[in-house]
Amino acid sequence: MNKKEGNSNIKDNFIVFKIPDSMKTKEPNIDLEKLYELTIAELGLQQSKRDQLLTIYLAMCSFLIPFAFSLDIISWQGKGCIFLATAIVGILFANIIVRYRIYKEIYWLCCETITLLFTIEKKNLTKHILQQCYHRTMYKKCKKYLVKNDQNRLIFNKFKYIKDNITSSEFTYFIIHCFVTALVFAMAIALILPLQLITSIIIAVVCSLALILGFITNFFSRCINVYGVLIDGNHKKFNTAFNKAWFLHFYLDDANDKDIEKLQNYYTYEEAVEILKQK
């Protein structure tokens, strides 16, 4: 443990100390019903944000495309650059939409986990129990995609997952946005390239199809990664998903104390009290 007791600037440092066990409650003071309501509200908010992005982008396209064509003083390459900028915005929006989709999935898992927590006494709601419940919720939702391979080991059937979700409203909203973005991108490529019209159109179509394929691959790969722990049992993959489920983080993580102790301004509680009195 490194301490700066002799440092004259100690009063300027943020004092870090371990919270004594005597200060911790014996059971979490959490209202699960209220927590469930907040999670449902946040889940709906993610969907609302997604819808707003699609509306904003469609409005942007409906304004910029006619505006670009109406400007006679700008060359076709210049108009293509306007379309390219619009397509880039669409690509960025697509990434945000996928992020909203991931968080919606996380919050849905939170809701199912909270319903499971009603069956457990509050005094037993520790970090490990919460993680076990969250993992069981993940398994319950995706167990139909776990199949045995030739080595009699469970693997995640990604093809079946994609097949079941490709007709969902979530993916339909996403693919509409992707199609509009790819169309604008194709127009940009066709106008910017100094080639024959037919050649430019062929290249533009190929580029737009590649963009749509990239969108779809990114969408499903990130959705499947939420359940990465079911694929190979990797603890880090579970933590990646669980860390986003912040509604379930109503506990003090004592496991992080060893990492905190590496800080130069780390003290015991008693030492910290004496230093804080001097500030």
# chains A, B, ... in the order shown; residues from 1 in each chain; ligands from 1
>>> residues_around(residues="Tyr251 (chain A)", least_positions_apart="3", cutoff="8 Å", atoms="only C-alpha atoms", output="PyMOL selection string")
chain A and resi 28+126-127
>>> write_last_selection(atoms="all heavy atoms", output="PDB file, in the first residue's frame")
ATOM      1  N   PRO A  28     -29.725  -5.623   1.235  1.00  0.00           N
ATOM      2  CA  PRO A  28     -29.895  -4.438   0.384  1.00  0.00           C
ATOM      3  C   PRO A  28     -31.257  -3.791   0.583  1.00  0.00           C
ATOM      4  O   PRO A  28     -32.281  -4.462   0.594  1.00  0.00           O
ATOM      5  CB  PRO A  28     -29.739  -4.995  -1.041  1.00  0.00           C
ATOM      6  CG  PRO A  28     -30.064  -6.453  -0.924  1.00  0.00           C
ATOM      7  CD  PRO A  28     -29.597  -6.865   0.443  1.00  0.00           C
ATOM      8  N   THR A 126     -26.659 -11.007  -2.943  1.00  0.00           N
ATOM      9  CA  THR A 126     -25.260 -10.607  -3.084  1.00  0.00           C
ATOM     10  C   THR A 126     -24.904 -10.512  -4.566  1.00  0.00           C
ATOM     11  O   THR A 126     -25.691 -10.887  -5.442  1.00  0.00           O
ATOM     12  CB  THR A 126     -24.344 -11.628  -2.407  1.00  0.00           C
ATOM     13  OG1 THR A 126     -24.512 -12.914  -3.057  1.00  0.00           O
ATOM     14  CG2 THR A 126     -24.694 -11.781  -0.937  1.00  0.00           C
ATOM     15  N   LYS A 127     -23.701 -10.043  -4.825  1.00  0.00           N
ATOM     16  CA  LYS A 127     -23.245  -9.909  -6.207  1.00  0.00           C
ATOM     17  C   LYS A 127     -23.291 -11.254  -6.935  1.00  0.00           C
ATOM     18  O   LYS A 127     -23.767 -11.345  -8.077  1.00  0.00           O
ATOM     19  CB  LYS A 127     -21.825  -9.349  -6.226  1.00  0.00           C
ATOM     20  CG  LYS A 127     -21.193  -9.333  -7.609  1.00  0.00           C
ATOM     21  CD  LYS A 127     -19.733  -8.919  -7.555  1.00  0.00           C
ATOM     22  CE  LYS A 127     -19.080  -9.017  -8.928  1.00  0.00           C
ATOM     23  NZ  LYS A 127     -17.651  -8.644  -8.899  1.00  0.00           N
TER      24      LYS A 127
END
>>> residues_around(residues="Gly233 (chain A)", least_positions_apart="6", cutoff="12 Å", atoms="only C-alpha atoms", output="PyMOL selection string")
chain A and resi 135+139+154-156+225+227+239
>>> closest_residue(among="A:Val184, A:Cys207, A:Ile212, A:Cys142", to="Ala94 (chain A)", atoms="only C-alpha atoms")
A:Ile212
>>> residues_around(residues="Ser200 (chain A)", least_positions_apart="5", cutoff="7 Å", atoms="only C-alpha atoms", output="MDAnalysis selection string")
chainID A and resid 190 193 195
>>> write_last_selection(atoms="N, CA and C atoms", output="PDB file, in the first residue's frame")
ATOM      1  N   ALA A 190     -21.846   6.911 -57.261  1.00  0.00           N
ATOM      2  CA  ALA A 190     -22.119   7.055 -58.696  1.00  0.00           C
ATOM      3  C   ALA A 190     -21.808   8.460 -59.195  1.00  0.00           C
ATOM      4  N   LEU A 193     -17.496   9.207 -58.698  1.00  0.00           N
ATOM      5  CA  LEU A 193     -16.538   8.508 -59.559  1.00  0.00           C
ATOM      6  C   LEU A 193     -16.526   9.090 -60.974  1.00  0.00           C
ATOM      7  N   LEU A 195     -16.187   8.079 -63.926  1.00  0.00           N
ATOM      8  CA  LEU A 195     -16.209   6.955 -64.855  1.00  0.00           C
ATOM      9  C   LEU A 195     -17.460   7.023 -65.715  1.00  0.00           C
TER      10      LEU A 195
END
>>> atom_distance(atom1="CA of Leu45 (chain A)", atom2="CA of Trp246 (chain A)")
15.4 Å
>>> closest_residue(among="A:Ile175, A:Ile97, A:Leu197, A:Leu209", to="Arg222 (chain A)", atoms="only C-alpha atoms")
A:Ile97
>>> select_by_dssp(residues="region 37-247 of chain A", states="alpha helix (DSSP H)", output="ChimeraX atom specification")
/A:37-70,76-117,127-142,158-165,169-192,197-225,228-232,235-244
>>> residues_around(residues="Tyr57 (chain A)", least_positions_apart="3", cutoff="10 Å", atoms="only C-alpha atoms", output="PyMOL selection string")
chain A and resi 52-54+60-63+86-87+89-90+93+177+180-181
>>> atom_distance(atom1="CA of Ala188 (chain A)", atom2="CA of Phe83 (chain A)")
5.0 Å
>>> closest_residue(among="A:Asn29, A:Ile120, A:Ala186, A:Leu191", to="Trp76 (chain A)", atoms="only C-alpha atoms")
A:Leu191
>>> closest_residue(among="A:Val206, A:Met138, A:Val147, A:Leu211", to="Gly228 (chain A)", atoms="only C-alpha atoms")
A:Met138
>>> closest_residue(among="A:Val273, A:Ala68, A:Ile102, A:Ala182", to="Gly80 (chain A)", atoms="only C-alpha atoms")
A:Ala68
>>> decode(residues="region 176-209 of chain A", atoms="N, CA, C and O atoms", output="PDB file, in the first residue's frame")
ATOM      1  N   ILE A 176     -34.618  -0.841 -42.593  1.00  0.00           N
ATOM      2  CA  ILE A 176     -35.152   0.318 -43.315  1.00  0.00           C
ATOM      3  C   ILE A 176     -34.127   1.451 -43.301  1.00  0.00           C
ATOM      4  O   ILE A 176     -33.842   2.074 -44.335  1.00  0.00           O
ATOM      5  N   HIS A 177     -33.573   1.705 -42.125  1.00  0.00           N
ATOM      6  CA  HIS A 177     -32.543   2.733 -42.010  1.00  0.00           C
ATOM      7  C   HIS A 177     -31.326   2.374 -42.866  1.00  0.00           C
ATOM      8  O   HIS A 177     -30.763   3.240 -43.552  1.00  0.00           O
ATOM      9  N   CYS A 178     -30.932   1.115 -42.835  1.00  0.00           N
ATOM     10  CA  CYS A 178     -29.767   0.668 -43.612  1.00  0.00           C
ATOM     11  C   CYS A 178     -30.005   0.810 -45.107  1.00  0.00           C
ATOM     12  O   CYS A 178     -29.101   1.207 -45.852  1.00  0.00           O
ATOM     13  N   PHE A 179     -31.209   0.496 -45.550  1.00  0.00           N
ATOM     14  CA  PHE A 179     -31.528   0.589 -46.975  1.00  0.00           C
ATOM     15  C   PHE A 179     -31.458   2.044 -47.449  1.00  0.00           C
ATOM     16  O   PHE A 179     -30.901   2.329 -48.515  1.00  0.00           O
ATOM     17  N   VAL A 180     -32.025   2.962 -46.667  1.00  0.00           N
ATOM     18  CA  VAL A 180     -31.973   4.380 -47.026  1.00  0.00           C
ATOM     19  C   VAL A 180     -30.529   4.867 -47.060  1.00  0.00           C
ATOM     20  O   VAL A 180     -30.113   5.574 -47.990  1.00  0.00           O
ATOM     21  N   THR A 181     -29.745   4.480 -46.060  1.00  0.00           N
ATOM     22  CA  THR A 181     -28.332   4.879 -46.005  1.00  0.00           C
ATOM     23  C   THR A 181     -27.559   4.324 -47.194  1.00  0.00           C
ATOM     24  O   THR A 181     -26.756   5.030 -47.821  1.00  0.00           O
ATOM     25  N   ALA A 182     -27.791   3.047 -47.510  1.00  0.00           N
ATOM     26  CA  ALA A 182     -27.090   2.422 -48.635  1.00  0.00           C
ATOM     27  C   ALA A 182     -27.491   3.075 -49.954  1.00  0.00           C
ATOM     28  O   ALA A 182     -26.650   3.217 -50.863  1.00  0.00           O
ATOM     29  N   LEU A 183     -28.749   3.472 -50.092  1.00  0.00           N
ATOM     30  CA  LEU A 183     -29.214   4.136 -51.309  1.00  0.00           C
ATOM     31  C   LEU A 183     -28.513   5.482 -51.493  1.00  0.00           C
ATOM     32  O   LEU A 183     -28.042   5.817 -52.599  1.00  0.00           O
ATOM     33  N   VAL A 184     -28.426   6.246 -50.398  1.00  0.00           N
ATOM     34  CA  VAL A 184     -27.731   7.543 -50.449  1.00  0.00           C
ATOM     35  C   VAL A 184     -26.249   7.338 -50.743  1.00  0.00           C
ATOM     36  O   VAL A 184     -25.642   8.090 -51.517  1.00  0.00           O
ATOM     37  N   PHE A 185     -25.675   6.305 -50.149  1.00  0.00           N
ATOM     38  CA  PHE A 185     -24.264   5.992 -50.374  1.00  0.00           C
ATOM     39  C   PHE A 185     -24.017   5.619 -51.841  1.00  0.00           C
ATOM     40  O   PHE A 185     -23.017   6.041 -52.444  1.00  0.00           O
ATOM     41  N   ALA A 186     -24.924   4.843 -52.426  1.00  0.00           N
ATOM     42  CA  ALA A 186     -24.791   4.452 -53.832  1.00  0.00           C
ATOM     43  C   ALA A 186     -24.859   5.676 -54.741  1.00  0.00           C
ATOM     44  O   ALA A 186     -24.096   5.784 -55.718  1.00  0.00           O
ATOM     45  N   MET A 187     -25.771   6.598 -54.445  1.00  0.00           N
ATOM     46  CA  MET A 187     -25.872   7.823 -55.231  1.00  0.00           C
ATOM     47  C   MET A 187     -24.588   8.635 -55.134  1.00  0.00           C
ATOM     48  O   MET A 187     -24.125   9.211 -56.138  1.00  0.00           O
ATOM     49  N   ALA A 188     -24.004   8.667 -53.942  1.00  0.00           N
ATOM     50  CA  ALA A 188     -22.756   9.414 -53.743  1.00  0.00           C
ATOM     51  C   ALA A 188     -21.625   8.813 -54.568  1.00  0.00           C
ATOM     52  O   ALA A 188     -20.882   9.536 -55.247  1.00  0.00           O
ATOM     53  N   ILE A 189     -21.496   7.497 -54.533  1.00  0.00           N
ATOM     54  CA  ILE A 189     -20.432   6.824 -55.288  1.00  0.00           C
ATOM     55  C   ILE A 189     -20.613   7.036 -56.788  1.00  0.00           C
ATOM     56  O   ILE A 189     -19.658   7.334 -57.523  1.00  0.00           O
ATOM     57  N   ALA A 190     -21.846   6.911 -57.261  1.00  0.00           N
ATOM     58  CA  ALA A 190     -22.119   7.055 -58.696  1.00  0.00           C
ATOM     59  C   ALA A 190     -21.808   8.460 -59.195  1.00  0.00           C
ATOM     60  O   ALA A 190     -21.341   8.643 -60.328  1.00  0.00           O
ATOM     61  N   LEU A 191     -22.051   9.465 -58.355  1.00  0.00           N
ATOM     62  CA  LEU A 191     -21.815  10.843 -58.773  1.00  0.00           C
ATOM     63  C   LEU A 191     -20.348  11.261 -58.644  1.00  0.00           C
ATOM     64  O   LEU A 191     -19.859  12.076 -59.428  1.00  0.00           O
ATOM     65  N   ILE A 192     -19.651  10.708 -57.655  1.00  0.00           N
ATOM     66  CA  ILE A 192     -18.275  11.128 -57.399  1.00  0.00           C
ATOM     67  C   ILE A 192     -17.291  10.495 -58.370  1.00  0.00           C
ATOM     68  O   ILE A 192     -16.354  11.145 -58.854  1.00  0.00           O
ATOM     69  N   LEU A 193     -17.496   9.207 -58.698  1.00  0.00           N
ATOM     70  CA  LEU A 193     -16.538   8.508 -59.559  1.00  0.00           C
ATOM     71  C   LEU A 193     -16.526   9.090 -60.974  1.00  0.00           C
ATOM     72  O   LEU A 193     -17.576   9.192 -61.614  1.00  0.00           O
ATOM     73  N   PRO A 194     -15.332   9.458 -61.463  1.00  0.00           N
ATOM     74  CA  PRO A 194     -15.227  10.028 -62.820  1.00  0.00           C
ATOM     75  C   PRO A 194     -15.153   8.935 -63.884  1.00  0.00           C
ATOM     76  O   PRO A 194     -14.196   8.842 -64.656  1.00  0.00           O
ATOM     77  N   LEU A 195     -16.187   8.079 -63.926  1.00  0.00           N
ATOM     78  CA  LEU A 195     -16.209   6.955 -64.855  1.00  0.00           C
ATOM     79  C   LEU A 195     -17.460   7.023 -65.715  1.00  0.00           C
ATOM     80  O   LEU A 195     -18.322   7.908 -65.528  1.00  0.00           O
ATOM     81  N   GLN A 196     -17.577   6.093 -66.633  1.00  0.00           N
ATOM     82  CA  GLN A 196     -18.793   6.016 -67.432  1.00  0.00           C
ATOM     83  C   GLN A 196     -19.988   5.706 -66.535  1.00  0.00           C
ATOM     84  O   GLN A 196     -19.853   5.070 -65.485  1.00  0.00           O
ATOM     85  N   LEU A 197     -21.162   6.150 -66.965  1.00  0.00           N
ATOM     86  CA  LEU A 197     -22.363   6.040 -66.142  1.00  0.00           C
ATOM     87  C   LEU A 197     -22.645   4.601 -65.724  1.00  0.00           C
ATOM     88  O   LEU A 197     -22.892   4.329 -64.535  1.00  0.00           O
ATOM     89  N   ILE A 198     -22.600   3.671 -66.677  1.00  0.00           N
ATOM     90  CA  ILE A 198     -22.903   2.276 -66.365  1.00  0.00           C
ATOM     91  C   ILE A 198     -21.898   1.708 -65.371  1.00  0.00           C
ATOM     92  O   ILE A 198     -22.270   1.031 -64.397  1.00  0.00           O
ATOM     93  N   THR A 199     -20.624   2.004 -65.596  1.00  0.00           N
ATOM     94  CA  THR A 199     -19.575   1.522 -64.689  1.00  0.00           C
ATOM     95  C   THR A 199     -19.759   2.082 -63.285  1.00  0.00           C
ATOM     96  O   THR A 199     -19.630   1.364 -62.286  1.00  0.00           O
ATOM     97  N   SER A 200     -20.062   3.381 -63.219  1.00  0.00           N
ATOM     98  CA  SER A 200     -20.262   4.020 -61.907  1.00  0.00           C
ATOM     99  C   SER A 200     -21.452   3.413 -61.176  1.00  0.00           C
ATOM    100  O   SER A 200     -21.413   3.191 -59.961  1.00  0.00           O
ATOM    101  N   ILE A 201     -22.527   3.130 -61.922  1.00  0.00           N
ATOM    102  CA  ILE A 201     -23.719   2.543 -61.306  1.00  0.00           C
ATOM    103  C   ILE A 201     -23.425   1.143 -60.775  1.00  0.00           C
ATOM    104  O   ILE A 201     -23.840   0.790 -59.658  1.00  0.00           O
ATOM    105  N   ILE A 202     -22.696   0.347 -61.549  1.00  0.00           N
ATOM    106  CA  ILE A 202     -22.358  -1.017 -61.116  1.00  0.00           C
ATOM    107  C   ILE A 202     -21.523  -0.980 -59.835  1.00  0.00           C
ATOM    108  O   ILE A 202     -21.803  -1.705 -58.869  1.00  0.00           O
ATOM    109  N   ILE A 203     -20.513  -0.103 -59.811  1.00  0.00           N
ATOM    110  CA  ILE A 203     -19.663   0.023 -58.618  1.00  0.00           C
ATOM    111  C   ILE A 203     -20.489   0.506 -57.430  1.00  0.00           C
ATOM    112  O   ILE A 203     -20.337   0.030 -56.304  1.00  0.00           O
ATOM    113  N   ALA A 204     -21.394   1.459 -57.684  1.00  0.00           N
ATOM    114  CA  ALA A 204     -22.229   2.003 -56.609  1.00  0.00           C
ATOM    115  C   ALA A 204     -23.133   0.930 -56.018  1.00  0.00           C
ATOM    116  O   ALA A 204     -23.301   0.841 -54.792  1.00  0.00           O
ATOM    117  N   VAL A 205     -23.734   0.105 -56.879  1.00  0.00           N
ATOM    118  CA  VAL A 205     -24.620  -0.967 -56.413  1.00  0.00           C
ATOM    119  C   VAL A 205     -23.840  -1.989 -55.582  1.00  0.00           C
ATOM    120  O   VAL A 205     -24.297  -2.424 -54.514  1.00  0.00           O
ATOM    121  N   VAL A 206     -22.653  -2.366 -56.064  1.00  0.00           N
ATOM    122  CA  VAL A 206     -21.827  -3.325 -55.331  1.00  0.00           C
ATOM    123  C   VAL A 206     -21.436  -2.767 -53.965  1.00  0.00           C
ATOM    124  O   VAL A 206     -21.501  -3.471 -52.941  1.00  0.00           O
ATOM    125  N   CYS A 207     -21.046  -1.496 -53.938  1.00  0.00           N
ATOM    126  CA  CYS A 207     -20.650  -0.864 -52.665  1.00  0.00           C
ATOM    127  C   CYS A 207     -21.827  -0.784 -51.697  1.00  0.00           C
ATOM    128  O   CYS A 207     -21.665  -1.013 -50.489  1.00  0.00           O
ATOM    129  N   SER A 208     -23.017  -0.458 -52.215  1.00  0.00           N
ATOM    130  CA  SER A 208     -24.187  -0.350 -51.344  1.00  0.00           C
ATOM    131  C   SER A 208     -24.598  -1.715 -50.789  1.00  0.00           C
ATOM    132  O   SER A 208     -24.979  -1.835 -49.613  1.00  0.00           O
ATOM    133  N   LEU A 209     -24.502  -2.766 -51.618  1.00  0.00           N
ATOM    134  CA  LEU A 209     -24.815  -4.118 -51.148  1.00  0.00           C
ATOM    135  C   LEU A 209     -23.817  -4.567 -50.086  1.00  0.00           C
ATOM    136  O   LEU A 209     -24.187  -5.209 -49.093  1.00  0.00           O
TER     137      LEU A 209
END
